[in-house]
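All remarks here apply to the structure that follows.
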Amino acid sequence: TTDQYLAHTRVVVTAGGTRERLDPVRYLTNDSSGKMGTALANAAAAAGAEVTLVTAAHQVTLPGVTVVPVTTAKDMNTAVQARFAETDIVIMAAAVADFRPSETANHKLKKTGDQGLALNLVQNPDILATLGTQRTHQFVAGFAAETDKLLVNAEAKLARKHVDMLIANQVGKGQGFNQDDNAVTLLQPGQPPVSLPRAAKLVLAQQILRYIQEARA
Ligand code: C5P
């Protein structure tokens with residue numbers, strides 16, 4: 001059996017790309033598969049944690065992971081907030097939509113002759129940044145998926161979102177989204193970056209959890 005180093009530890013992980021509804025048959029979303037978040041949830045459960053996976057994706061989870069399915073960023077925010085006080089570690093691996101349609105049409109949007117369609121979008125709550133300002137005993141970690149200037153952008157997010165750890169990963173060019181492996185760099189305030197080379201997402205998840213546990217000790 002695996003070392004139960006997360007026994008008696010309550011972990012919330014988010015996964016997947018939120019879907020923001022436009023009309024009864026259409027929505028806005030992104031390329032996130034939920035694989036990294038699901039790997040983190042499974043690795044945490046294998047290490048003995050009490051795990052809740054708040055997910056917008058459908059992935060296979062281990063017994064011992066409580067799955068809370070959500071659709072929108074607002075749903076995800078509500079689900080995470082409801083559990084935050086009784087949580088020890090939160091890892092936001094979800095690709096949360098930054099914007100949602102300002103309104104959801106009750107009927108399927110129709111073509112209007114040869115006119116285009118202008119969509120009005122409003123900003124979603126930043127779940128991670130909110131947790132960053134609320135955290136007391138909790139360890140709060142987020143991801144930064146970047147297509148360029150990976151470390152510069154991720155360092156800025158670490159500070160702006162006020163979190164304990166930012167896990168930076170390069171996306172695009174066949175990397176990141178919907179792959180079975182990944183490579184990440186862990187950033188923590190006042191510490192040198194730690195690069196974890198390309199590996200299966202489950203292996204990386206185990207390594208990330210070890211670093212988190214070390215940082216909490
Ligand atoms: O989209 P962004 O690069 O800012 O995402 C960085 C981190 O913030 C990720 O962990 C993501 O889950 C989280 N996030 C969030 N709420 C948002 C946007 C992003 O919690 N509205």
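Starting from 1 in every chain, residues are counted up; chains themselves are A, B, ... following the order of the structure tokens, and ligands are numbered from 1 as listed.
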
Please, which residues in chain A fall within 10 Å of ligand 1 when counting only C-alpha atoms and all ligand atoms, and what is the closest atom pair and distance in Å to one decimal for each, ordered by chain then residue number, as a tab-separated table?
residue	atom	partner	partner_atom_place_in_ligand_line	distance
A:Val13	CA	ligand 1	12 (O)	9.7
A:Thr14	CA	ligand 1	12 (O)	7.3
A:Ala15	CA	ligand 1	12 (O)	8.0
A:Gly16	CA	ligand 1	12 (O)	9.1
A:Gly17	CA	ligand 1	12 (O)	9.1
A:Thr18	CA	ligand 1	21 (N)	9.7
A:Gly37	CA	ligand 1	12 (O)	9.9
A:Ala73	CA	ligand 1	21 (N)	6.7
A:Lys74	CA	ligand 1	21 (N)	8.9
A:Met76	CA	ligand 1	20 (O)	8.8
A:Asn77	CA	ligand 1	20 (O)	7.8
A:Val80	CA	ligand 1	20 (O)	9.7
A:Val90	CA	ligand 1	10 (O)	9.9
A:Ile91	CA	ligand 1	10 (O)	7.2
A:Met92	CA	ligand 1	10 (O)	4.3
A:Ala93	CA	ligand 1	12 (O)	5.0
A:Ala94	CA	ligand 1	12 (O)	4.4
A:Ala95	CA	ligand 1	12 (O)	5.1
A:Val96	CA	ligand 1	18 (C)	4.7
A:Ala97	CA	ligand 1	21 (N)	5.9
A:Asp98	CA	ligand 1	21 (N)	4.7
A:Phe99	CA	ligand 1	21 (N)	7.7
A:Gln123	CA	ligand 1	21 (N)	7.8
A:Asn124	CA	ligand 1	21 (N)	5.3
A:Pro125	CA	ligand 1	21 (N)	5.0
A:Asp126	CA	ligand 1	21 (N)	3.5
A:Ile127	CA	ligand 1	20 (O)	3.6
A:Leu128	CA	ligand 1	20 (O)	3.7
A:Ala129	CA	ligand 1	20 (O)	6.5
A:Thr130	CA	ligand 1	20 (O)	7.9
A:Leu131	CA	ligand 1	20 (O)	8.3
A:Gly132	CA	ligand 1	20 (O)	9.8
A:Val140	CA	ligand 1	10 (O)	9.5
A:Ala141	CA	ligand 1	10 (O)	7.0
A:Gly142	CA	ligand 1	10 (O)	3.4
A:Phe143	CA	ligand 1	10 (O)	3.8
A:Ala144	CA	ligand 1	6 (C)	4.6
A:Ala145	CA	ligand 1	3 (O)	5.9
A:Glu146	CA	ligand 1	3 (O)	7.2
A:Asn153	CA	ligand 1	3 (O)	8.6
A:Ala154	CA	ligand 1	3 (O)	8.0
A:Lys157	CA	ligand 1	4 (O)	6.9
A:Leu158	CA	ligand 1	6 (C)	8.9
A:Arg160	CA	ligand 1	4 (O)	9.5
A:Lys161	CA	ligand 1	8 (O)	7.7
A:Val163	CA	ligand 1	10 (O)	9.7
A:Met165	CA	ligand 1	10 (O)	9.8
A:Leu166	CA	ligand 1	10 (O)	7.6
A:Ile167	CA	ligand 1	10 (O)	8.1
A:Ala168	CA	ligand 1	6 (C)	9.0

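Taking CA of Arg83 in chain A as the reference point, CA of Ala205 in chain A is found at 21.7 Å.
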
Could you pull out the strand (DSSP E) residues of range 53-92 of chain A, going by DSSP on the backbone, and write them as a PDB file with C-alpha atoms, in the first residue's frame?
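As written to disk, out_18.pdb reads:
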ATOM      1  CA  LEU A  53     -13.273  16.576  -6.780  1.00  0.00           C
ATOM      2  CA  VAL A  54     -15.329  19.506  -8.040  1.00  0.00           C
ATOM      3  CA  THR A  55     -15.324  18.832 -11.736  1.00  0.00           C
ATOM      4  CA  VAL A  65     -12.996  10.439  -4.162  1.00  0.00           C
ATOM      5  CA  THR A  66     -16.280  12.314  -3.701  1.00  0.00           C
ATOM      6  CA  VAL A  67     -17.207  13.748  -7.087  1.00  0.00           C
ATOM      7  CA  VAL A  68     -19.210  16.980  -7.264  1.00  0.00           C
ATOM      8  CA  PRO A  69     -20.183  17.645 -10.893  1.00  0.00           C
ATOM      9  CA  ILE A  89      -5.656  21.814   0.857  1.00  0.00           C
ATOM     10  CA  VAL A  90      -7.323  23.298  -2.228  1.00  0.00           C
ATOM     11  CA  ILE A  91      -5.848  22.724  -5.665  1.00  0.00           C
ATOM     12  CA  MET A  92      -7.515  24.640  -8.491  1.00  0.00           C
TER      13      MET A  92
END

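Remark: for Asp88 in chain A, the closest of the candidate residues A:Ala39, A:Val12, A:Leu151, A:Ala183 is A:Val12 (distances computed over only C-alpha atoms).
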
query: Near Arg198 in chain A, within 9 Å and counting only C-alpha atoms, which residues show up once chain neighbours fewer than 2 positions away are dropped, as a ChimeraX atom specification?
result: /A:181-184,196,200-201,204

Selected residues written out, N, CA and C atoms, as a PDB file, in the first residue's frame:
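The resulting out-v4.pdb:
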ATOM      1  N   ASP A 181       0.476  13.187 -20.391  1.00  0.00           N
ATOM      2  CA  ASP A 181       1.605  13.626 -19.570  1.00  0.00           C
ATOM      3  C   ASP A 181       1.720  15.143 -19.600  1.00  0.00           C
ATOM      4  N   ASN A 182       2.615  15.637 -18.768  1.00  0.00           N
ATOM      5  CA  ASN A 182       2.714  17.068 -18.555  1.00  0.00           C
ATOM      6  C   ASN A 182       4.099  17.347 -17.971  1.00  0.00           C
ATOM      7  N   ALA A 183       4.513  18.599 -17.966  1.00  0.00           N
ATOM      8  CA  ALA A 183       5.746  19.018 -17.296  1.00  0.00           C
ATOM      9  C   ALA A 183       5.404  20.326 -16.620  1.00  0.00           C
ATOM     10  N   VAL A 184       5.790  20.507 -15.371  1.00  0.00           N
ATOM     11  CA  VAL A 184       5.373  21.700 -14.640  1.00  0.00           C
ATOM     12  C   VAL A 184       6.534  22.314 -13.860  1.00  0.00           C
ATOM     13  N   LEU A 196       9.592  20.095 -12.528  1.00  0.00           N
ATOM     14  CA  LEU A 196       9.303  18.664 -12.548  1.00  0.00           C
ATOM     15  C   LEU A 196       9.219  18.248 -14.017  1.00  0.00           C
ATOM     16  N   ALA A 200       3.979  11.184 -16.670  1.00  0.00           N
ATOM     17  CA  ALA A 200       2.542  10.928 -16.664  1.00  0.00           C
ATOM     18  C   ALA A 200       1.884  11.840 -15.627  1.00  0.00           C
ATOM     19  N   LYS A 201       0.675  12.293 -15.912  1.00  0.00           N
ATOM     20  CA  LYS A 201      -0.002  13.229 -14.998  1.00  0.00           C
ATOM     21  C   LYS A 201      -0.150  12.638 -13.594  1.00  0.00           C
ATOM     22  N   LEU A 204       3.215  13.063 -11.858  1.00  0.00           N
ATOM     23  CA  LEU A 204       3.391  14.473 -11.488  1.00  0.00           C
ATOM     24  C   LEU A 204       2.502  14.837 -10.309  1.00  0.00           C
TER      25      LEU A 204
END

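Across the model, the gap from CA of Asp3 in chain A to CA of Glu86 in chain A is 23.5 Å.
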
message: If DSSP is run on the backbone, what residues of chain A are helix (DSSP H, G or I)? A reply as a VMD selection string would be ideal.
response: chain A and resid 35 to 46 73 to 84 127 to 134 150 to 160 201 to 216

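Here CA of Asn178 in chain A and CA of Ser33 in chain A stand 5.0 Å from one another.
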
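Closest to Leu28 in chain A among A:Leu121, A:Ala57, A:Leu202, A:Leu186 is A:Leu121, based on only C-alpha atoms.
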
Proximity to Asn120 in chain A - best of A:Ala215, A:Val152, A:Ala43, A:Leu22, only C-alpha atoms: A:Leu22

query: What's the 7 Å shell around Thr71 in chain A, counting only C-alpha atoms, without same-chain residues fewer than 3 positions away, as a ChimeraX atom specification?
result: /A:18-19,56,75

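Of the residues under consideration (A:His162, A:Arg21, A:Lys149, A:His58), A:Arg21 shows the shortest atom-to-atom contact distance to Asn106 in chain A when counting only C-alpha atoms.
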